[in-house]
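Inspection log for the structure reproduced underneath, given as structure tokens.
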Amino acid sequence: MLLHGHLKADRPVMFDLTDAIELKATSEDASVLAALAHAKAHRTPARDYIPDRDADGEEIDISFATQNWRKVIRDRRRPGYFVRRHFEAMVFFYLAEELRCGDVAVIGSEEYADWSEQLLPWEQVEAKLPECLVEVGLRKAAEATPFDGRALVAHLRARLTEAAAKADGGYPDNDELFIDPDTGVPKLKPRRAEKPRASAVRLEQAIKERMPERSLLGIVARTAYWIEWWYRFGPASGNDPKLKDSFGRYVITTFVKGTNMTFAEAARHIAGVSAHELSVAARRHTTVAKLNEALTDVVNAHAKLDMSRAWGNGTTAAADGTHMDIYLDNLLAETSVRYGAVGGIAYHHISDLYIALFTHFVPCGVWEAVYIIEGLLKNASEVRPGTIHADTQGQSYLVFALAHLLGIDLMPRIRNWKDCLFFRPSRSTVYEHIDALFGEPGRNVIDWELIETHFKDLMRVTVSVREGTISSTLLLKRLRSGSHKNATYTAFREVGRVIRTVQLLRYLSDAPLRGRVTAATNKVEAFNGFSDWVRFGQRGTVAANDPVEQEKDVKFTSLLANLLIFHNTLDIADVVRQLQAEGWVIDPLDLAQISPYLTEHVNRFGVYSTHEIGVTPEDYDTHLDVDFSVLEDEQAPAA
């Protein structure tokens, strides 16, 4: 009833927009666009009521609306008519929702294009499918039997049946898990964090005491000599940068942008460079793609260090976002309910080697899970994780489904178990110990027929994402729960229900797995704090208004953080060699507990000169030859 009042000021603009762009329905149901055409035909504000039939006498189809909307747009005193202002509010409300979920597309648009047209045709998918299935682990290389809808259903059913049977059989011995027989809500006993080994504490203290003092700018310069990541930068033409000292310019630019200093502030404190020179290098000689290449160089160099083997083998990663302030007068600025502030989200993919593989800058209003797969697909480094961990924001049915079909093992950290649904493989399936998890008997059952029927749709989407013809982020934004017309969404949701149930059962029944998930998510949260420490300028605020420059800002910070991680790893290795030379016996288990996120030995702000301390200043003068009596005459009546 109240929505039309909020739309009144923007009503002319919304009608003008629908005149300027060409909309199309992506399914056979175009009822919303038909209702929009009817609203445009009767847009004259002088009319309070408009007929509920079109020019041909056909009744306007409003089946897309809820019962509450249908009541609001009617007036019992005027049968055969709609209340114009409520009808318009309803139409624009559902038009916005269908644009979000992809049921309506904008012809000629990139963000709101018909995503189904970007998919590969089935003939090409069918040719690539055997190789793809082997790579993602859905079939073996020597297997000759065709993989169709039945085979996919058999694979998924076997995984769900096996996981449920294992969880049911291990429940009596699982002391940390209790399932409420009345509500079916599982409860996990909180695990006490293990105290660090005394030998690990001594080793960490010895390493911190011996870490050489470094300046942040010096670290950037030294790593530039070693890794040569700065070669990735240059003008768009690809020719010689024609800078007097391109090495120095790119090193200083990376330091300034990574720490989020302004160019003017940096020019005041760094001799030999101007604000204009830094601005040109940052804007014209670096792009998002070039920064990604520089990040890849650092990741590859870090992975080759023997010291990095103490922390992992590069097969797992964790994803999480951290809030970043931006100015209100910005198209990307949104209020985050989660963080309680206006800004954006820097979404990082952190390897088990502690280094950042990929970074996105995303708006607060987007569910973070839609970016979790994109970061792994765009990761061009030699570190190729197959398992990804995240928090509650990093999961949804669609993300679970697409991750599994792409061969990615998504295992998030679960906090609120009350909202988790578990699905049975069949109506007749009953479990001895964990049956309460699945709700009432006969409910929450997987629709295997739906998955089998839409096998080709599932494979078209999966192969298209893998081949890069469609972005997984765009796909997951459009395949939303608001779509009641998209059969592909329902098929992916059903696959996601299977995989999510399997992963939840694994999480409940495997205590060491829970420990690994917690450790991985703690790493990415530690990286968020580490990058905030690096990004000390302007209180961490992203000052740019251009979305491309905003993306570059967060990538510069990730690049600087990675350079510091790489250099810290080298320094830790040097200290370990010194200790070994002194007779220390280094236990790899102790070394694995040493984090490269060390900052105590790093001088962020440079060295301040103290020569003025010994200079005696001249006496100051209190007198100023100005007649202030005129002001005293004016101040008397005012008082």
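In the structure tokens, chains take letters A, B, ... by order of appearance, with residues numbered from 1 within each chain and ligands from 1 in the order shown.
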Need to verify the contact set: Ala141 in chain A, 12 Å, only C-alpha atoms, exclusion of same-chain residues closer than 5 positions in sequence. Can you return it as a PyMOL selection string? chain A and resi 130-136
For the structure I just gave you, how does DSSP split range 371-596 of chain A - specifically, which residues are strand (DSSP E)? Reply as a list in words.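 Matching residues, listed in order: Thr387, Ile388, His389, Ala390, Asp409 and Leu410 of chain A.
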Do you know which residues are at most 10 Å from range 492-499 of chain A counting only C-alpha atoms, after dropping those on the same chain fewer than 3 positions away, and could you put them as a PDB file with N, CA and C atoms, in the first residue's frame?
```
ATOM      1  N   LEU A 152      24.585 -39.315 -14.053  1.00  0.00           N
ATOM      2  CA  LEU A 152      24.742 -38.223 -13.093  1.00  0.00           C
ATOM      3  C   LEU A 152      23.896 -38.483 -11.849  1.00  0.00           C
ATOM      4  N   VAL A 153      22.666 -38.932 -12.046  1.00  0.00           N
ATOM      5  CA  VAL A 153      21.793 -39.239 -10.908  1.00  0.00           C
ATOM      6  C   VAL A 153      22.390 -40.365 -10.071  1.00  0.00           C
ATOM      7  N   LEU A 156      25.270 -38.938  -7.981  1.00  0.00           N
ATOM      8  CA  LEU A 156      24.824 -38.100  -6.874  1.00  0.00           C
ATOM      9  C   LEU A 156      24.122 -38.921  -5.797  1.00  0.00           C
ATOM     10  N   ARG A 157      23.294 -39.881  -6.239  1.00  0.00           N
ATOM     11  CA  ARG A 157      22.579 -40.717  -5.267  1.00  0.00           C
ATOM     12  C   ARG A 157      23.564 -41.543  -4.432  1.00  0.00           C
ATOM     13  N   ARG A 159      26.665 -40.761  -3.685  1.00  0.00           N
ATOM     14  CA  ARG A 159      27.356 -39.888  -2.737  1.00  0.00           C
ATOM     15  C   ARG A 159      26.477 -39.587  -1.529  1.00  0.00           C
ATOM     16  N   LEU A 160      25.198 -39.277  -1.779  1.00  0.00           N
ATOM     17  CA  LEU A 160      24.304 -38.946  -0.682  1.00  0.00           C
ATOM     18  C   LEU A 160      24.055 -40.155   0.204  1.00  0.00           C
ATOM     19  N   THR A 161      23.831 -41.309  -0.402  1.00  0.00           N
ATOM     20  CA  THR A 161      23.564 -42.524   0.366  1.00  0.00           C
ATOM     21  C   THR A 161      24.765 -42.901   1.229  1.00  0.00           C
ATOM     22  N   GLN A 395      28.110 -19.740   0.753  1.00  0.00           N
ATOM     23  CA  GLN A 395      27.420 -20.947   0.340  1.00  0.00           C
ATOM     24  C   GLN A 395      25.998 -20.640  -0.109  1.00  0.00           C
ATOM     25  N   SER A 396      25.514 -21.466  -1.008  1.00  0.00           N
ATOM     26  CA  SER A 396      24.119 -21.474  -1.452  1.00  0.00           C
ATOM     27  C   SER A 396      23.946 -22.761  -2.254  1.00  0.00           C
ATOM     28  N   TYR A 397      22.714 -23.136  -2.522  1.00  0.00           N
ATOM     29  CA  TYR A 397      22.479 -24.359  -3.283  1.00  0.00           C
ATOM     30  C   TYR A 397      23.160 -24.292  -4.643  1.00  0.00           C
ATOM     31  N   LEU A 398      23.029 -23.141  -5.315  1.00  0.00           N
ATOM     32  CA  LEU A 398      23.595 -23.031  -6.659  1.00  0.00           C
ATOM     33  C   LEU A 398      25.117 -23.094  -6.632  1.00  0.00           C
ATOM     34  N   VAL A 399      25.727 -22.475  -5.631  1.00  0.00           N
ATOM     35  CA  VAL A 399      27.193 -22.489  -5.540  1.00  0.00           C
ATOM     36  C   VAL A 399      27.680 -23.909  -5.271  1.00  0.00           C
ATOM     37  N   PHE A 400      27.003 -24.632  -4.382  1.00  0.00           N
ATOM     38  CA  PHE A 400      27.373 -26.028  -4.131  1.00  0.00           C
ATOM     39  C   PHE A 400      27.282 -26.848  -5.415  1.00  0.00           C
ATOM     40  N   ALA A 401      26.204 -26.668  -6.177  1.00  0.00           N
ATOM     41  CA  ALA A 401      26.003 -27.452  -7.400  1.00  0.00           C
ATOM     42  C   ALA A 401      27.068 -27.143  -8.434  1.00  0.00           C
ATOM     43  N   LEU A 402      27.283 -25.857  -8.725  1.00  0.00           N
ATOM     44  CA  LEU A 402      28.245 -25.489  -9.762  1.00  0.00           C
ATOM     45  C   LEU A 402      29.661 -25.867  -9.347  1.00  0.00           C
ATOM     46  N   ALA A 403      29.990 -25.698  -8.074  1.00  0.00           N
ATOM     47  CA  ALA A 403      31.327 -26.074  -7.604  1.00  0.00           C
ATOM     48  C   ALA A 403      31.564 -27.569  -7.799  1.00  0.00           C
ATOM     49  N   HIS A 404      30.576 -28.394  -7.452  1.00  0.00           N
ATOM     50  CA  HIS A 404      30.748 -29.844  -7.598  1.00  0.00           C
ATOM     51  C   HIS A 404      30.904 -30.233  -9.061  1.00  0.00           C
ATOM     52  N   LEU A 405      30.092 -29.666  -9.937  1.00  0.00           N
ATOM     53  CA  LEU A 405      30.171 -30.013 -11.359  1.00  0.00           C
ATOM     54  C   LEU A 405      31.457 -29.511 -11.996  1.00  0.00           C
ATOM     55  N   ASP A 409      35.723 -28.809  -4.426  1.00  0.00           N
ATOM     56  CA  ASP A 409      35.154 -29.302  -3.172  1.00  0.00           C
ATOM     57  C   ASP A 409      34.906 -28.106  -2.258  1.00  0.00           C
ATOM     58  N   LEU A 410      33.660 -27.644  -2.199  1.00  0.00           N
ATOM     59  CA  LEU A 410      33.290 -26.510  -1.364  1.00  0.00           C
ATOM     60  C   LEU A 410      32.902 -27.011   0.025  1.00  0.00           C
ATOM     61  N   LEU A 421      18.670 -27.402   5.986  1.00  0.00           N
ATOM     62  CA  LEU A 421      17.776 -28.504   5.624  1.00  0.00           C
ATOM     63  C   LEU A 421      18.607 -29.671   5.104  1.00  0.00           C
ATOM     64  N   PHE A 422      18.232 -30.877   5.526  1.00  0.00           N
ATOM     65  CA  PHE A 422      18.864 -32.103   5.049  1.00  0.00           C
ATOM     66  C   PHE A 422      17.853 -32.849   4.188  1.00  0.00           C
ATOM     67  N   PHE A 423      18.313 -33.403   3.058  1.00  0.00           N
ATOM     68  CA  PHE A 423      17.413 -34.035   2.101  1.00  0.00           C
ATOM     69  C   PHE A 423      17.687 -35.534   2.008  1.00  0.00           C
ATOM     70  N   ARG A 424      16.596 -36.300   1.945  1.00  0.00           N
ATOM     71  CA  ARG A 424      16.685 -37.754   1.855  1.00  0.00           C
ATOM     72  C   ARG A 424      16.852 -38.183   0.396  1.00  0.00           C
ATOM     73  N   PRO A 425      17.489 -39.337   0.180  1.00  0.00           N
ATOM     74  CA  PRO A 425      17.568 -39.849  -1.193  1.00  0.00           C
ATOM     75  C   PRO A 425      16.238 -40.393  -1.710  1.00  0.00           C
ATOM     76  N   ASN A 444      11.264 -33.469   2.359  1.00  0.00           N
ATOM     77  CA  ASN A 444      12.654 -33.112   2.018  1.00  0.00           C
ATOM     78  C   ASN A 444      13.334 -34.245   1.253  1.00  0.00           C
ATOM     79  N   VAL A 445      12.735 -34.594   0.109  1.00  0.00           N
ATOM     80  CA  VAL A 445      13.240 -35.681  -0.729  1.00  0.00           C
ATOM     81  C   VAL A 445      13.767 -35.093  -2.042  1.00  0.00           C
ATOM     82  N   ILE A 446      14.896 -35.605  -2.491  1.00  0.00           N
ATOM     83  CA  ILE A 446      15.505 -35.127  -3.737  1.00  0.00           C
ATOM     84  C   ILE A 446      14.655 -35.558  -4.934  1.00  0.00           C
ATOM     85  N   ASP A 447      14.455 -34.630  -5.867  1.00  0.00           N
ATOM     86  CA  ASP A 447      13.725 -34.916  -7.106  1.00  0.00           C
ATOM     87  C   ASP A 447      14.746 -35.359  -8.164  1.00  0.00           C
ATOM     88  N   TRP A 448      15.037 -36.661  -8.192  1.00  0.00           N
ATOM     89  CA  TRP A 448      16.033 -37.190  -9.121  1.00  0.00           C
ATOM     90  C   TRP A 448      15.585 -37.060 -10.574  1.00  0.00           C
ATOM     91  N   LEU A 450      13.967 -34.639 -11.932  1.00  0.00           N
ATOM     92  CA  LEU A 450      14.247 -33.280 -12.397  1.00  0.00           C
ATOM     93  C   LEU A 450      15.710 -33.156 -12.836  1.00  0.00           C
ATOM     94  N   ILE A 451      16.615 -33.727 -12.074  1.00  0.00           N
ATOM     95  CA  ILE A 451      18.038 -33.666 -12.428  1.00  0.00           C
ATOM     96  C   ILE A 451      18.303 -34.407 -13.727  1.00  0.00           C
ATOM     97  N   HIS A 454      16.985 -32.473 -16.867  1.00  0.00           N
ATOM     98  CA  HIS A 454      17.714 -31.271 -17.255  1.00  0.00           C
ATOM     99  C   HIS A 454      19.225 -31.512 -17.289  1.00  0.00           C
ATOM    100  N   PHE A 455      19.618 -32.722 -17.591  1.00  0.00           N
ATOM    101  CA  PHE A 455      21.047 -33.051 -17.656  1.00  0.00           C
ATOM    102  C   PHE A 455      21.762 -32.166 -18.673  1.00  0.00           C
ATOM    103  N   ASP A 457      20.976 -29.198 -19.783  1.00  0.00           N
ATOM    104  CA  ASP A 457      21.070 -27.817 -19.301  1.00  0.00           C
ATOM    105  C   ASP A 457      22.189 -27.671 -18.279  1.00  0.00           C
ATOM    106  N   LEU A 458      22.297 -28.641 -17.380  1.00  0.00           N
ATOM    107  CA  LEU A 458      23.355 -28.600 -16.370  1.00  0.00           C
ATOM    108  C   LEU A 458      24.731 -28.654 -17.013  1.00  0.00           C
ATOM    109  N   VAL A 461      25.675 -25.336 -19.004  1.00  0.00           N
ATOM    110  CA  VAL A 461      26.101 -24.255 -18.120  1.00  0.00           C
ATOM    111  C   VAL A 461      27.499 -24.537 -17.572  1.00  0.00           C
ATOM    112  N   LEU A 479      20.731 -16.678 -11.727  1.00  0.00           N
ATOM    113  CA  LEU A 479      20.012 -17.859 -11.255  1.00  0.00           C
ATOM    114  C   LEU A 479      19.685 -17.659  -9.779  1.00  0.00           C
ATOM    115  N   ARG A 480      18.553 -17.076  -9.527  1.00  0.00           N
ATOM    116  CA  ARG A 480      18.178 -16.708  -8.165  1.00  0.00           C
ATOM    117  C   ARG A 480      16.885 -17.388  -7.758  1.00  0.00           C
ATOM    118  N   SER A 481      16.672 -17.399  -6.451  1.00  0.00           N
ATOM    119  CA  SER A 481      15.450 -18.020  -5.929  1.00  0.00           C
ATOM    120  C   SER A 481      14.202 -17.253  -6.342  1.00  0.00           C
ATOM    121  N   ALA A 487      13.760 -23.179 -15.487  1.00  0.00           N
ATOM    122  CA  ALA A 487      13.916 -24.589 -15.137  1.00  0.00           C
ATOM    123  C   ALA A 487      15.366 -24.921 -14.815  1.00  0.00           C
ATOM    124  N   THR A 488      16.329 -24.188 -15.416  1.00  0.00           N
ATOM    125  CA  THR A 488      17.735 -24.433 -15.127  1.00  0.00           C
ATOM    126  C   THR A 488      18.039 -24.146 -13.661  1.00  0.00           C
ATOM    127  N   TYR A 489      17.422 -23.089 -13.124  1.00  0.00           N
ATOM    128  CA  TYR A 489      17.617 -22.779 -11.709  1.00  0.00           C
ATOM    129  C   TYR A 489      17.138 -23.930 -10.824  1.00  0.00           C
ATOM    130  N   VAL A 502      25.378 -33.627   1.619  1.00  0.00           N
ATOM    131  CA  VAL A 502      26.580 -34.459   1.768  1.00  0.00           C
ATOM    132  C   VAL A 502      27.640 -33.716   2.575  1.00  0.00           C
ATOM    133  N   GLN A 503      27.870 -32.452   2.238  1.00  0.00           N
ATOM    134  CA  GLN A 503      28.919 -31.696   2.924  1.00  0.00           C
ATOM    135  C   GLN A 503      28.547 -31.409   4.379  1.00  0.00           C
ATOM    136  N   LEU A 504      27.286 -31.159   4.653  1.00  0.00           N
ATOM    137  CA  LEU A 504      26.861 -30.945   6.032  1.00  0.00           C
ATOM    138  C   LEU A 504      27.045 -32.206   6.867  1.00  0.00           C
ATOM    139  N   LEU A 505      26.720 -33.340   6.282  1.00  0.00           N
ATOM    140  CA  LEU A 505      26.898 -34.609   7.000  1.00  0.00           C
ATOM    141  C   LEU A 505      28.379 -34.879   7.257  1.00  0.00           C
TER     142      LEU A 505
END
```
I'd like the contact shell of range 429-431 of chain A - 10 Å cut-off, only C-alpha atoms, skipping same-chain residues fewer than 4 positions apart - returned as a list in words.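 Surrounding residues, per the criterion: Thr161, Ala164, Ala165, Ala167, Asp168, Gly169, Arg424, Pro425, Asp435, Ala436, Leu437, Phe438, Pro441, Gly442 and Val445 of chain A.
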Neighbouring residues of Ser279 in chain A were defined as those with any atom within 9 Å, considering only C-alpha atoms; residues of the same chain fewer than 5 positions away were excluded. Please report them as a PyMOL selection string. chain A and resi 253+263+274+284
Selected residues, N, CA, C and O atoms, written as a compact mmCIF listing (two decimals), in the first residue's frame, please.
```
# COMPACT_ATOMS: atom_id res chain seq x y z
N THR A 253 55.05 3.67 -7.07
CA THR A 253 53.60 3.67 -7.32
C THR A 253 52.92 2.51 -6.61
O THR A 253 51.85 2.68 -6.01
N PHE A 263 48.46 10.76 -3.88
CA PHE A 263 49.66 11.08 -4.66
C PHE A 263 50.32 12.35 -4.13
O PHE A 263 51.54 12.45 -4.08
N SER A 274 56.90 13.42 -8.40
CA SER A 274 55.79 14.35 -8.26
C SER A 274 54.47 13.59 -8.22
O SER A 274 54.39 12.43 -8.62
N ARG A 284 47.63 5.05 -16.14
CA ARG A 284 47.87 4.72 -17.54
C ARG A 284 48.77 3.50 -17.74
O ARG A 284 48.77 2.92 -18.82
```
Using DSSP on the backbone coordinates, identify the residues of range 48-134 of chain A assigned to alpha helix (DSSP H); present them as a VMD selection string. chain A and resid 67 to 72 84 to 101 122 to 134
Close residues, Ile207 in chain A itself excluded, 9 Å, only C-alpha atoms, min 2 positions apart in chain, as a JSON list (two decimals) with all heavy atoms, in the first residue's frame:
```
[["chain", "number", "residue", "atom", "x", "y", "z"],
["A", 202, "ARG", "N", 58.73, -21.23, 21.65],
["A", 202, "ARG", "CA", 60.15, -20.81, 21.74],
["A", 202, "ARG", "C", 60.71, -20.47, 20.37],
["A", 202, "ARG", "O", 61.43, -19.49, 20.20],
["A", 202, "ARG", "CB", 60.97, -21.92, 22.39],
["A", 202, "ARG", "CG", 60.73, -22.10, 23.88],
["A", 202, "ARG", "CD", 61.83, -22.94, 24.51],
["A", 202, "ARG", "NE", 61.95, -24.25, 23.88],
["A", 202, "ARG", "CZ", 61.26, -25.33, 24.28],
["A", 202, "ARG", "NH1", 60.41, -25.23, 25.29],
["A", 202, "ARG", "NH2", 61.41, -26.50, 23.66],
["A", 203, "LEU", "N", 60.36, -21.29, 19.38],
["A", 203, "LEU", "CA", 60.86, -21.04, 18.03],
["A", 203, "LEU", "C", 60.31, -19.72, 17.48],
["A", 203, "LEU", "O", 61.05, -18.92, 16.88],
["A", 203, "LEU", "CB", 60.47, -22.19, 17.11],
["A", 203, "LEU", "CG", 60.85, -22.05, 15.63],
["A", 203, "LEU", "CD1", 62.38, -21.95, 15.49],
["A", 203, "LEU", "CD2", 60.33, -23.22, 14.81],
["A", 204, "GLU", "N", 59.03, -19.47, 17.69],
["A", 204, "GLU", "CA", 58.42, -18.23, 17.21],
["A", 204, "GLU", "C", 59.08, -17.02, 17.87],
["A", 204, "GLU", "O", 59.37, -16.01, 17.21],
["A", 204, "GLU", "CB", 56.92, -18.23, 17.48],
["A", 204, "GLU", "CG", 56.21, -16.99, 16.96],
["A", 204, "GLU", "CD", 54.71, -17.03, 17.23],
["A", 204, "GLU", "OE1", 54.28, -17.85, 18.06],
["A", 204, "GLU", "OE2", 53.98, -16.22, 16.61],
["A", 205, "GLN", "N", 59.33, -17.11, 19.16],
["A", 205, "GLN", "CA", 59.97, -16.00, 19.87],
["A", 205, "GLN", "C", 61.38, -15.75, 19.34],
["A", 205, "GLN", "O", 61.79, -14.60, 19.13],
["A", 205, "GLN", "CB", 60.01, -16.30, 21.37],
["A", 205, "GLN", "CG", 60.54, -15.16, 22.22],
["A", 205, "GLN", "CD", 59.65, -13.93, 22.16],
["A", 205, "GLN", "OE1", 58.44, -14.05, 21.99],
["A", 205, "GLN", "NE2", 60.25, -12.76, 22.28],
["A", 209, "GLU", "N", 62.63, -12.29, 17.38],
["A", 209, "GLU", "CA", 63.74, -11.51, 17.91],
["A", 209, "GLU", "C", 64.83, -11.30, 16.87],
["A", 209, "GLU", "O", 65.54, -10.28, 16.91],
["A", 209, "GLU", "CB", 64.32, -12.20, 19.14],
["A", 209, "GLU", "CG", 63.39, -12.18, 20.36],
["A", 209, "GLU", "CD", 63.95, -12.99, 21.52],
["A", 209, "GLU", "OE1", 65.00, -13.65, 21.31],
["A", 209, "GLU", "OE2", 63.36, -12.96, 22.61],
["A", 210, "ARG", "N", 64.98, -12.22, 15.94],
["A", 210, "ARG", "CA", 66.08, -12.16, 14.97],
["A", 210, "ARG", "C", 65.65, -11.64, 13.61],
["A", 210, "ARG", "O", 66.49, -11.50, 12.72],
["A", 210, "ARG", "CB", 66.71, -13.54, 14.80],
["A", 210, "ARG", "CG", 67.34, -14.08, 16.08],
["A", 210, "ARG", "CD", 67.86, -15.49, 15.87],
["A", 210, "ARG", "NE", 68.43, -16.04, 17.10],
["A", 210, "ARG", "CZ", 69.64, -16.59, 17.18],
["A", 210, "ARG", "NH1", 70.41, -16.66, 16.12],
["A", 210, "ARG", "NH2", 70.07, -17.09, 18.33],
["A", 211, "MET", "N", 64.37, -11.37, 13.42],
["A", 211, "MET", "CA", 63.93, -10.85, 12.13],
["A", 211, "MET", "C", 64.57, -9.50, 11.87],
["A", 211, "MET", "O", 64.49, -8.59, 12.71],
["A", 211, "MET", "CB", 62.40, -10.72, 12.10],
["A", 211, "MET", "CG", 61.66, -12.04, 12.02],
["A", 211, "MET", "SD", 61.75, -12.82, 10.39],
["A", 211, "MET", "CE", 60.57, -11.86, 9.48],
["A", 572, "ILE", "N", 62.22, -15.44, 7.42],
["A", 572, "ILE", "CA", 62.03, -16.54, 8.36],
["A", 572, "ILE", "C", 62.98, -17.69, 8.02],
["A", 572, "ILE", "O", 63.60, -18.29, 8.92],
["A", 572, "ILE", "CB", 60.57, -17.02, 8.35],
["A", 572, "ILE", "CG1", 59.65, -15.95, 8.94],
["A", 572, "ILE", "CG2", 60.40, -18.32, 9.13],
["A", 572, "ILE", "CD1", 58.17, -16.25, 8.77],
["A", 575, "VAL", "N", 66.46, -16.88, 9.20],
["A", 575, "VAL", "CA", 66.60, -17.02, 10.65],
["A", 575, "VAL", "C", 66.68, -18.50, 11.03],
["A", 575, "VAL", "O", 67.47, -18.89, 11.90],
["A", 575, "VAL", "CB", 65.42, -16.34, 11.37],
["A", 575, "VAL", "CG1", 65.47, -16.63, 12.86],
["A", 575, "VAL", "CG2", 65.46, -14.83, 11.13],
["A", 576, "VAL", "N", 65.89, -19.33, 10.36],
["A", 576, "VAL", "CA", 65.93, -20.77, 10.64],
["A", 576, "VAL", "C", 67.31, -21.34, 10.33],
["A", 576, "VAL", "O", 67.85, -22.17, 11.09],
["A", 576, "VAL", "CB", 64.83, -21.51, 9.84],
["A", 576, "VAL", "CG1", 65.02, -23.02, 9.91],
["A", 576, "VAL", "CG2", 63.45, -21.13, 10.37],
["A", 579, "LEU", "N", 69.57, -20.43, 13.17],
["A", 579, "LEU", "CA", 69.32, -21.26, 14.35],
["A", 579, "LEU", "C", 69.90, -22.66, 14.18],
["A", 579, "LEU", "O", 70.44, -23.24, 15.12],
["A", 579, "LEU", "CB", 67.81, -21.32, 14.62],
["A", 579, "LEU", "CG", 67.14, -20.00, 15.02],
["A", 579, "LEU", "CD1", 65.63, -20.18, 15.10],
["A", 579, "LEU", "CD2", 67.69, -19.49, 16.35],
["A", 594, "ILE", "N", 54.28, -21.08, 12.56],
["A", 594, "ILE", "CA", 54.80, -19.72, 12.41],
["A", 594, "ILE", "C", 54.10, -19.06, 11.22],
["A", 594, "ILE", "O", 54.18, -19.55, 10.10],
["A", 594, "ILE", "CB", 56.32, -19.72, 12.18],
["A", 594, "ILE", "CG1", 57.02, -20.57, 13.25],
["A", 594, "ILE", "CG2", 56.85, -18.30, 12.16],
["A", 594, "ILE", "CD1", 56.82, -20.07, 14.65]]
```
Just want the 7 Å neighbourhood of Ala333 in chain A, counted on only C-alpha atoms, with same-chain residues fewer than 4 positions away dropped. Output as a JSON list (two decimals) with C-alpha atoms, in the first residue's frame.
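Listed below is the output, around-v9.json:
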```json
[["chain", "number", "residue", "atom", "x", "y", "z"],
["A", 326, "ILE", "CA", 33.96, 4.32, 0.27],
["A", 327, "TYR", "CA", 32.39, 7.74, -0.13],
["A", 328, "LEU", "CA", 28.60, 8.06, -0.18],
["A", 342, "VAL", "CA", 28.48, 2.11, 4.00],
["A", 343, "GLY", "CA", 31.14, 0.78, 1.63],
["A", 344, "GLY", "CA", 32.16, -2.21, -0.45]]
```
Interatomic distance (Å, one decimal) between CA of Val370 in chain A and CA of Asp391 in chain A: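 Distance reported for this atom pair: 13.1 Å.
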Atom pair CA of Ala511 in chain A / CA of Gly314 in chain A: separation (Å):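 That distance, rounded to one decimal, is 22.0 Å.
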